[in-house]
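Below is one structure, written out as C-alpha cells; the observations come after it.
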Amino acid sequence: MSQKKVDKYKNGKFARTSAMKKERAEFVLEMAAWILIAVLFVSWIGYSAYAKIQAKENSVKVDTVMDTSALTDYISGLSADSAE
C-alpha cells in the first residue's frame with residue numbers, strides 16, 4: 001500500500017472509534033431520557049390515583065339520627081294484636 005492509503009486508513013480508523021464513542025454516548029442519553037419519561041408517567045398516574053382516593057375519603061359523610069320509638073311501638077302493637 002502506498003503511504004497515502006495507509007494515512008487514509010489510520011485517519012478512518014481513528015474517526016471510526018470516535019464515531020462509535022459518540023454513538024454510544026447518544027444511545028445512553030436517549031435511554032436515560034426514555035427512563036425519565038417512563039418514571040414521570042408512572043409517578044403521574046400514581047399521584048392521580050392517590051388524589052382520587054383521598055378525595056373520596058375526605059368527602060362529607062352525614063350521619064342521620066332517627067327516633068324509631070314510634071315505629072317500635074306500632075310494630076309491638078301489631079304483634080300484640082296478632083297474639084290475641
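Residue numbering restarts at 1 in every chain; chains get A, B, ... in the order shown in the C-alpha cells, and ligands count up from 1 in that same order.
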**Message:** I'd like to know which residues of chain A are alpha helix (DSSP H) (by DSSP, run on the backbone); could you write them as a ChimeraX atom specification?
**Reply:** /A:3-57,69-83
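One finds atom CA of Asn11 of chain A at 28.3 Å from atom CA of Glu30 of chain A.
As for atom CA of Ser59 of chain A and atom CA of Ile45 of chain A, they are spaced 21.4 Å apart.
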